[in-house]
Each structure stands twice: as structure tokens, then as C-alpha cells.
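> My structure file input12.cif, mmCIF, C-alpha atoms, is below:
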```
data_start
loop_
_atom_site.label_atom_id
_atom_site.label_comp_id
_atom_site.auth_asym_id
_atom_site.auth_seq_id
_atom_site.Cartn_x
_atom_site.Cartn_y
_atom_site.Cartn_z
CA LEU O 15 -9.43 20.60 -70.58
CA ALA O 16 -12.82 19.31 -71.76
CA GLU O 17 -14.23 19.76 -68.26
CA SER O 18 -12.89 23.34 -68.16
CA VAL O 19 -14.57 24.08 -71.50
CA ALA O 20 -17.88 22.70 -70.22
CA THR O 21 -17.58 24.80 -67.05
CA GLN O 22 -16.81 27.89 -69.11
CA ALA O 23 -19.85 27.24 -71.30
CA ASN O 24 -22.05 26.83 -68.22
CA LEU O 25 -20.80 30.14 -66.80
CA LEU O 26 -21.39 31.92 -70.10
CA GLN O 27 -24.89 30.49 -70.16
CA LEU O 28 -25.55 31.91 -66.69
CA LEU O 29 -24.35 35.28 -67.98
CA GLY O 30 -26.83 35.07 -70.86
CA ARG O 31 -24.31 35.01 -73.69
CA PRO O 32 -25.62 32.30 -76.03
CA ALA O 33 -23.25 33.00 -78.94
CA GLU O 34 -20.25 32.53 -76.67
CA VAL O 35 -21.83 29.44 -75.11
CA LEU O 36 -22.07 27.84 -78.56
CA LYS O 37 -18.48 28.78 -79.36
CA ALA O 38 -17.26 27.26 -76.08
CA TYR O 39 -19.16 24.00 -76.54
CA MET O 40 -17.80 23.70 -80.10
CA GLN O 41 -14.35 23.23 -78.56
CA ASN O 42 -15.52 19.93 -77.07
CA LEU O 43 -16.45 18.51 -80.46
CA HIS O 44 -12.85 18.07 -81.55
CA GLU O 45 -11.01 14.78 -81.91
CA GLY O 46 -9.59 13.45 -78.66
CA VAL O 47 -12.26 14.90 -76.37
CA PRO O 48 -13.66 12.21 -74.04
CA THR O 49 -16.99 10.80 -75.24
CA GLU O 50 -19.06 12.05 -72.32
CA PHE O 51 -17.93 15.64 -72.96
CA SER O 52 -18.38 15.53 -76.74
CA ARG O 53 -21.82 13.98 -76.32
CA ALA O 54 -22.83 16.58 -73.72
CA ALA O 55 -21.49 19.40 -75.92
CA LEU O 56 -23.42 18.14 -78.93
CA VAL O 57 -26.63 17.95 -76.90
CA GLN O 58 -26.13 21.47 -75.52
CA ILE O 59 -25.30 22.97 -78.92
CA ILE O 60 -28.39 21.48 -80.51
CA ARG O 61 -30.58 22.42 -77.52
CA LEU O 62 -29.39 26.04 -77.69
CA LEU O 63 -29.90 26.25 -81.45
CA LEU O 64 -33.40 24.82 -81.17
CA GLN O 65 -34.24 27.22 -78.33
CA GLN O 66 -33.25 30.04 -80.68
CA ASN O 67 -35.45 28.45 -83.37
CA GLU O 68 -32.35 27.85 -85.50
CA VAL O 69 -33.59 24.46 -86.72
CA THR O 70 -31.72 24.58 -90.03
CA GLU O 71 -28.47 25.47 -88.27
CA ALA O 72 -29.04 22.64 -85.78
CA ALA O 73 -29.40 20.20 -88.69
CA ARG O 74 -26.27 21.63 -90.32
CA GLN O 75 -24.24 21.29 -87.12
CA LEU O 76 -25.34 17.67 -86.76
CA GLN O 77 -24.40 16.94 -90.37
CA VAL O 78 -20.98 18.52 -89.90
CA PHE O 79 -20.41 16.56 -86.69
CA PHE O 80 -21.44 13.28 -88.24
CA ALA O 81 -19.61 13.84 -91.53
CA SER O 82 -16.37 14.70 -89.74
CA ARG O 83 -16.65 11.99 -87.06
CA PRO O 84 -18.80 9.12 -88.43
CA ALA O 85 -17.33 6.55 -86.03
CA ASP O 86 -17.57 8.76 -82.94
CA ALA O 87 -19.16 7.25 -79.86
CA ALA O 88 -21.77 10.03 -79.98
CA SER O 89 -22.79 9.15 -83.56
CA ASP O 90 -25.88 7.28 -82.40
CA LEU O 91 -27.08 10.39 -80.57
CA ALA O 92 -26.18 12.55 -83.59
CA LEU O 93 -28.27 10.32 -85.87
CA LEU O 94 -31.24 10.34 -83.50
CA THR O 95 -31.09 14.09 -83.07
CA LEU O 96 -30.62 14.76 -86.78
CA GLY O 97 -33.64 12.57 -87.50
CA GLU O 98 -35.68 14.49 -84.94
CA VAL O 99 -34.55 17.82 -86.38
CA CYS O 100 -35.50 16.65 -89.88
CA LEU O 101 -38.92 15.64 -88.58
CA LYS O 102 -39.29 19.06 -86.95
CA LEU O 103 -38.37 20.74 -90.24
CA HIS O 104 -40.99 18.65 -92.02
CA LEU O 105 -43.62 19.59 -89.48
CA GLU O 106 -42.71 23.25 -89.87
CA GLY O 107 -43.30 23.02 -93.60
CA ALA O 108 -39.68 23.05 -94.78
CA ALA O 109 -39.98 19.63 -96.41
CA THR O 110 -38.74 20.81 -99.78
CA ASN O 111 -35.54 22.40 -98.51
CA ARG O 112 -33.06 20.34 -100.56
CA ALA O 113 -30.21 22.78 -99.89
CA LEU O 114 -30.09 21.50 -96.33
CA PHE O 115 -29.13 18.03 -97.50
CA PRO O 116 -26.28 18.13 -99.99
CA THR O 117 -25.78 14.72 -101.55
CA ASN O 118 -22.00 14.85 -101.16
CA LEU O 119 -22.16 14.32 -97.38
CA THR O 120 -21.25 10.86 -96.13
CA LEU O 121 -24.42 10.97 -94.08
CA PHE O 122 -26.47 10.21 -97.17
CA ALA O 123 -23.99 8.03 -99.04
CA THR O 124 -26.03 4.83 -99.07
CA ASN O 125 -27.51 2.49 -101.64
CA ALA O 126 -30.97 3.80 -100.81
CA PRO O 127 -32.92 5.88 -103.32
CA PRO O 128 -32.11 9.60 -103.25
CA ILE O 129 -33.65 11.56 -100.41
CA THR O 130 -36.21 13.98 -101.77
CA ASN O 131 -37.51 15.55 -98.59
CA VAL O 132 -36.72 15.98 -94.92
CA LEU O 133 -39.25 13.37 -93.81
CA GLN O 134 -37.35 10.81 -95.87
CA ALA O 135 -34.14 12.18 -94.38
CA ALA O 136 -35.54 11.67 -90.88
CA LEU O 137 -36.42 8.05 -91.65
CA ALA O 138 -32.97 7.50 -93.13
CA GLN O 139 -31.32 8.67 -89.91
CA PHE O 140 -33.48 6.46 -87.71
CA ASP O 141 -32.96 3.46 -89.98
CA ARG O 142 -29.22 4.01 -89.96
CA LEU O 143 -29.11 4.28 -86.17
CA ILE O 144 -31.12 1.07 -85.77
CA ALA O 145 -28.98 -0.83 -88.27
CA SER O 146 -25.58 0.47 -87.17
CA TYR O 147 -25.95 0.81 -83.40
CA THR O 148 -28.02 -2.18 -82.34
CA ASN O 149 -26.96 -1.84 -78.68
CA SER O 150 -27.51 1.91 -78.49
CA PRO O 151 -29.75 3.22 -75.72
CA PHE O 152 -31.42 5.35 -78.42
CA VAL O 153 -32.75 2.51 -80.61
CA SER O 154 -36.18 2.51 -78.97
CA LEU O 155 -36.52 6.28 -79.34
CA ALA O 156 -35.53 5.92 -82.99
CA GLN O 157 -38.25 3.29 -83.43
CA LEU O 158 -40.79 5.55 -81.75
CA THR O 159 -39.95 8.47 -84.00
CA ARG O 160 -39.86 6.20 -87.07
CA GLY O 161 -43.42 5.32 -86.14
CA TRP O 162 -44.39 8.98 -86.29
CA CYS O 163 -42.68 9.38 -89.68
CA PHE O 164 -44.62 6.44 -91.08
CA TRP O 165 -47.80 7.81 -89.50
CA LEU O 166 -47.29 11.14 -91.28
CA GLN O 167 -46.86 9.27 -94.58
CA ASN O 168 -50.11 7.33 -93.99
CA ARG O 169 -48.10 4.10 -93.80
CA ARG O 170 -50.03 2.93 -90.76
CA SER O 171 -48.95 -0.74 -90.70
CA GLU O 172 -45.26 0.17 -90.84
CA GLY O 173 -45.89 2.81 -88.19
CA ALA O 174 -47.60 0.28 -85.95
CA ALA O 175 -44.64 -2.10 -86.32
CA ALA O 176 -42.20 0.69 -85.40
CA PHE O 177 -44.31 1.71 -82.39
CA ALA O 178 -44.44 -1.93 -81.27
CA ALA O 179 -40.66 -2.24 -81.62
CA ALA O 180 -40.24 0.88 -79.49
CA THR O 181 -42.19 -0.58 -76.57
CA GLY O 182 -39.49 -3.17 -75.89
CA GLY O 183 -36.84 -0.70 -74.79
CA LEU O 184 -38.57 2.43 -73.56
CA PRO O 185 -38.66 3.11 -69.83
CA LEU O 186 -41.96 3.70 -68.07
CA SER O 187 -42.78 7.10 -69.54
CA GLU O 188 -45.14 9.13 -71.69
CA ASP O 189 -43.21 7.88 -74.75
CA LEU O 190 -43.93 4.27 -73.75
CA ALA O 191 -47.63 5.06 -73.29
CA ILE O 192 -47.76 6.69 -76.72
CA ALA O 193 -45.99 3.72 -78.33
CA HIS O 194 -48.47 1.31 -76.73
CA PHE O 195 -51.43 3.47 -77.75
CA LYS O 196 -50.28 3.81 -81.36
#
```
With the file now loaded, output its structure as C-alpha cells.

Amino acid sequence: LAESVATQANLLQLLGRPAEVLKAYMQNLHEGVPTEFSRAALVQIIRLLLQQNEVTEAARQLQVFFASRPADAASDLALLTLGEVCLKLHLEGAATNRALFPTNLTLFATNAPPITNVLQAALAQFDRLIASYTNSPFVSLAQLTRGWCFWLQNRRSEGAAAFAAATGGLPLSEDLAIAHFK
């Protein structure tokens, strides 16, 4: 069934019907869908929303996914992507948009100080991924992006430490070169 939904979404995408593509992929985010399909659906939903410049909706979808399925196998990817979306919102100047981050979501239920802006929210997601999913293939990317968050806050030494931590797990790539340079 999950494979059929993914095929349907791909066909709708070829037909140029993005709203229906999103609706189809949403079916693969339900409980019981195999991890590879739910992860692929999440990636496609966020990619489509970002292509449509629906950054706030992308962040909302990630929050809903994570709040409803905090122990899902795709949670590490959801945290990384939510952190990246928060960073994008910050860079676009939406750093004071508190409505995007209601405090009643499990996503932000920690002992940390309250999150006052999306850059802090981005750091919180990366920190949570690193602490909770130590064997995740996304830990090095989270470290790299943490480095950028620290850099934007003029916390250069913490940024340098995060960039250094990223170099240990990144494949030979532009990201690795940037981490080494920073």
C-alpha cells in the first residue's frame, strides 16, 4: 500500500499537480507505514513545500510529524530538517515569529530555557538530534549546521567546535570542505 501511494504521488508530480502530490504523500506518514516510505514521504513533502516557498508550512508539518510520532525511525531526519527550516526562517528575517513555535508541543518540552527565536529553535533541534540519535547518519550534518547557527550568533569558538565535530562523519563533499575551512 505504501509503495502504491508513493507511485501515485510520483505520477501526480509528473502531471504537475502539487497539491495532490502533498495529499498523497501525507498518506505515508501514518502509523504502520514502513520506515523507508514514511521517511521518503516526509522528505518529499518538505521538499515540495520549500519549492513553493512555504517555509512556515514546512516547519509546521515537521512539528506535527514529530509531535505525533516522536519515537518514529524518521525522527532524526525530522529533527535535522526542522532545524534547517528554522535556520532558513531566521535567515529570511522571520526570527521573531513565535506563533510558529507553540510551547505546548512535545518538540520543545525540555528543561532548556524557553526558545525565543527560530535560531534558538534550530539549535535546539540539532542538539536534540545529536543527544538522542548518536548513531544517526545525520549527526555530522547536524553538527555542521549547528556550526552555522553559532557563527550567526558570533559564538565563533562554539561554531569552530561544531564544525570540527562535523568533519568526523561527513563524506568527501562540499560540506566536508566547508567544515574543514570553518
> Written as an MDAnalysis selection string, which residues does the PyMOL selection byres ((chain O and resi 141) around 12) give for the file shown?
chainID O and resid 90 93:94 96:97 122 124 126 134:140 142:148 152:161 163 176
> Identify, on the basis of only C-alpha atoms, every residue whose closest approach to region 15-24 of chain O does not exceed 8 Å; exclude the query and any residue fewer than 2 positions from it along the same chain; express the result as a ChimeraX atom specification.
/O:26-28,34-36,38-39,41-42,47-48,51,55
> From the options O:Ala179, O:Ala174, O:Leu103, O:Val57, which residue's atoms come nearest to Lys196 (chain O), counting all atoms listed in the file?
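The answer is O:Ala174, which sits nearest to Lys196 (chain O).
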> Taking only C-alpha atoms into account, which of O:Lys37, O:His104, O:Arg83, O:Arg170 comes nearest Gln58 (chain O)?
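Under the stated criterion, the closest residue is O:Lys37.
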> Could you tell me how far CA of Leu184 (chain O) lies from CA of Pro151 (chain O), in Å and to one decimal?
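Separation between CA of Leu184 (chain O) and CA of Pro151 (chain O): 9.1 Å.
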> Rebuild region 49-60 of chain O to all heavy atoms - output it as a PDB file, in the frame of the given file, please.

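The resulting file, selection-v2.pdb, is shown below:
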```pdb
ATOM      1  N   THR O  49     -15.638  10.997 -74.720  1.00  0.00           N
ATOM      2  CA  THR O  49     -16.990  10.800 -75.240  1.00  0.00           C
ATOM      3  C   THR O  49     -18.051  11.527 -74.447  1.00  0.00           C
ATOM      4  O   THR O  49     -18.927  12.166 -75.024  1.00  0.00           O
ATOM      5  CB  THR O  49     -17.322   9.294 -75.284  1.00  0.00           C
ATOM      6  OG1 THR O  49     -16.340   8.651 -76.073  1.00  0.00           O
ATOM      7  CG2 THR O  49     -18.692   9.048 -75.861  1.00  0.00           C
ATOM      8  N   GLU O  50     -17.997  11.438 -73.121  1.00  0.00           N
ATOM      9  CA  GLU O  50     -19.060  12.050 -72.320  1.00  0.00           C
ATOM     10  C   GLU O  50     -19.109  13.568 -72.520  1.00  0.00           C
ATOM     11  O   GLU O  50     -20.180  14.168 -72.510  1.00  0.00           O
ATOM     12  CB  GLU O  50     -18.940  11.694 -70.835  1.00  0.00           C
ATOM     13  CG  GLU O  50     -17.701  12.223 -70.136  1.00  0.00           C
ATOM     14  CD  GLU O  50     -16.497  11.281 -70.174  1.00  0.00           C
ATOM     15  OE1 GLU O  50     -16.493  10.315 -70.963  1.00  0.00           O
ATOM     16  OE2 GLU O  50     -15.559  11.520 -69.401  1.00  0.00           O
ATOM     17  N   PHE O  51     -17.955  14.192 -72.746  1.00  0.00           N
ATOM     18  CA  PHE O  51     -17.930  15.640 -72.960  1.00  0.00           C
ATOM     19  C   PHE O  51     -18.364  16.007 -74.373  1.00  0.00           C
ATOM     20  O   PHE O  51     -19.061  17.006 -74.569  1.00  0.00           O
ATOM     21  CB  PHE O  51     -16.549  16.211 -72.639  1.00  0.00           C
ATOM     22  CG  PHE O  51     -16.243  16.215 -71.170  1.00  0.00           C
ATOM     23  CD1 PHE O  51     -15.417  15.244 -70.632  1.00  0.00           C
ATOM     24  CD2 PHE O  51     -16.805  17.160 -70.324  1.00  0.00           C
ATOM     25  CE1 PHE O  51     -15.144  15.227 -69.273  1.00  0.00           C
ATOM     26  CE2 PHE O  51     -16.537  17.152 -68.964  1.00  0.00           C
ATOM     27  CZ  PHE O  51     -15.703  16.181 -68.436  1.00  0.00           C
ATOM     28  N   SER O  52     -17.957  15.218 -75.367  1.00  0.00           N
ATOM     29  CA  SER O  52     -18.380  15.530 -76.740  1.00  0.00           C
ATOM     30  C   SER O  52     -19.876  15.295 -76.895  1.00  0.00           C
ATOM     31  O   SER O  52     -20.564  16.079 -77.552  1.00  0.00           O
ATOM     32  CB  SER O  52     -17.585  14.730 -77.770  1.00  0.00           C
ATOM     33  OG  SER O  52     -17.811  13.362 -77.652  1.00  0.00           O
ATOM     34  N   ARG O  53     -20.386  14.260 -76.261  1.00  0.00           N
ATOM     35  CA  ARG O  53     -21.820  13.980 -76.320  1.00  0.00           C
ATOM     36  C   ARG O  53     -22.605  15.093 -75.636  1.00  0.00           C
ATOM     37  O   ARG O  53     -23.592  15.595 -76.172  1.00  0.00           O
ATOM     38  CB  ARG O  53     -22.117  12.629 -75.670  1.00  0.00           C
ATOM     39  CG  ARG O  53     -23.514  12.136 -75.918  1.00  0.00           C
ATOM     40  CD  ARG O  53     -23.714  10.756 -75.348  1.00  0.00           C
ATOM     41  NE  ARG O  53     -23.219   9.770 -76.295  1.00  0.00           N
ATOM     42  CZ  ARG O  53     -23.681   8.547 -76.407  1.00  0.00           C
ATOM     43  NH1 ARG O  53     -24.637   8.135 -75.625  1.00  0.00           N
ATOM     44  NH2 ARG O  53     -23.182   7.728 -77.287  1.00  0.00           N
ATOM     45  N   ALA O  54     -22.150  15.503 -74.454  1.00  0.00           N
ATOM     46  CA  ALA O  54     -22.830  16.580 -73.720  1.00  0.00           C
ATOM     47  C   ALA O  54     -22.764  17.895 -74.508  1.00  0.00           C
ATOM     48  O   ALA O  54     -23.747  18.647 -74.565  1.00  0.00           O
ATOM     49  CB  ALA O  54     -22.206  16.758 -72.343  1.00  0.00           C
ATOM     50  N   ALA O  55     -21.624  18.171 -75.131  1.00  0.00           N
ATOM     51  CA  ALA O  55     -21.490  19.400 -75.920  1.00  0.00           C
ATOM     52  C   ALA O  55     -22.440  19.376 -77.106  1.00  0.00           C
ATOM     53  O   ALA O  55     -23.104  20.383 -77.395  1.00  0.00           O
ATOM     54  CB  ALA O  55     -20.040  19.554 -76.401  1.00  0.00           C
ATOM     55  N   LEU O  56     -22.510  18.258 -77.790  1.00  0.00           N
ATOM     56  CA  LEU O  56     -23.420  18.140 -78.930  1.00  0.00           C
ATOM     57  C   LEU O  56     -24.858  18.386 -78.502  1.00  0.00           C
ATOM     58  O   LEU O  56     -25.588  19.144 -79.136  1.00  0.00           O
ATOM     59  CB  LEU O  56     -23.278  16.755 -79.577  1.00  0.00           C
ATOM     60  CG  LEU O  56     -24.162  16.489 -80.780  1.00  0.00           C
ATOM     61  CD1 LEU O  56     -23.808  17.414 -81.939  1.00  0.00           C
ATOM     62  CD2 LEU O  56     -24.036  15.034 -81.208  1.00  0.00           C
ATOM     63  N   VAL O  57     -25.258  17.772 -77.406  1.00  0.00           N
ATOM     64  CA  VAL O  57     -26.630  17.950 -76.900  1.00  0.00           C
ATOM     65  C   VAL O  57     -26.885  19.420 -76.581  1.00  0.00           C
ATOM     66  O   VAL O  57     -27.924  19.972 -76.947  1.00  0.00           O
ATOM     67  CB  VAL O  57     -26.866  17.060 -75.653  1.00  0.00           C
ATOM     68  CG1 VAL O  57     -28.152  17.439 -74.952  1.00  0.00           C
ATOM     69  CG2 VAL O  57     -26.885  15.592 -76.061  1.00  0.00           C
ATOM     70  N   GLN O  58     -25.949  20.073 -75.909  1.00  0.00           N
ATOM     71  CA  GLN O  58     -26.130  21.470 -75.520  1.00  0.00           C
ATOM     72  C   GLN O  58     -26.172  22.396 -76.738  1.00  0.00           C
ATOM     73  O   GLN O  58     -26.989  23.331 -76.790  1.00  0.00           O
ATOM     74  CB  GLN O  58     -25.027  21.906 -74.559  1.00  0.00           C
ATOM     75  CG  GLN O  58     -25.118  21.248 -73.201  1.00  0.00           C
ATOM     76  CD  GLN O  58     -26.433  21.541 -72.495  1.00  0.00           C
ATOM     77  OE1 GLN O  58     -26.973  22.640 -72.571  1.00  0.00           O
ATOM     78  NE2 GLN O  58     -26.968  20.540 -71.826  1.00  0.00           N
ATOM     79  N   ILE O  59     -25.312  22.149 -77.706  1.00  0.00           N
ATOM     80  CA  ILE O  59     -25.300  22.970 -78.920  1.00  0.00           C
ATOM     81  C   ILE O  59     -26.644  22.881 -79.626  1.00  0.00           C
ATOM     82  O   ILE O  59     -27.250  23.899 -79.989  1.00  0.00           O
ATOM     83  CB  ILE O  59     -24.152  22.547 -79.855  1.00  0.00           C
ATOM     84  CG1 ILE O  59     -22.808  22.963 -79.251  1.00  0.00           C
ATOM     85  CG2 ILE O  59     -24.331  23.122 -81.257  1.00  0.00           C
ATOM     86  CD1 ILE O  59     -21.612  22.311 -79.911  1.00  0.00           C
ATOM     87  N   ILE O  60     -27.124  21.664 -79.800  1.00  0.00           N
ATOM     88  CA  ILE O  60     -28.390  21.480 -80.510  1.00  0.00           C
ATOM     89  C   ILE O  60     -29.540  22.072 -79.696  1.00  0.00           C
ATOM     90  O   ILE O  60     -30.426  22.733 -80.243  1.00  0.00           O
ATOM     91  CB  ILE O  60     -28.631  19.991 -80.832  1.00  0.00           C
ATOM     92  CG1 ILE O  60     -27.483  19.455 -81.703  1.00  0.00           C
ATOM     93  CG2 ILE O  60     -29.975  19.786 -81.499  1.00  0.00           C
ATOM     94  CD1 ILE O  60     -27.172  20.272 -82.938  1.00  0.00           C
TER      95      ILE O  60
END
```
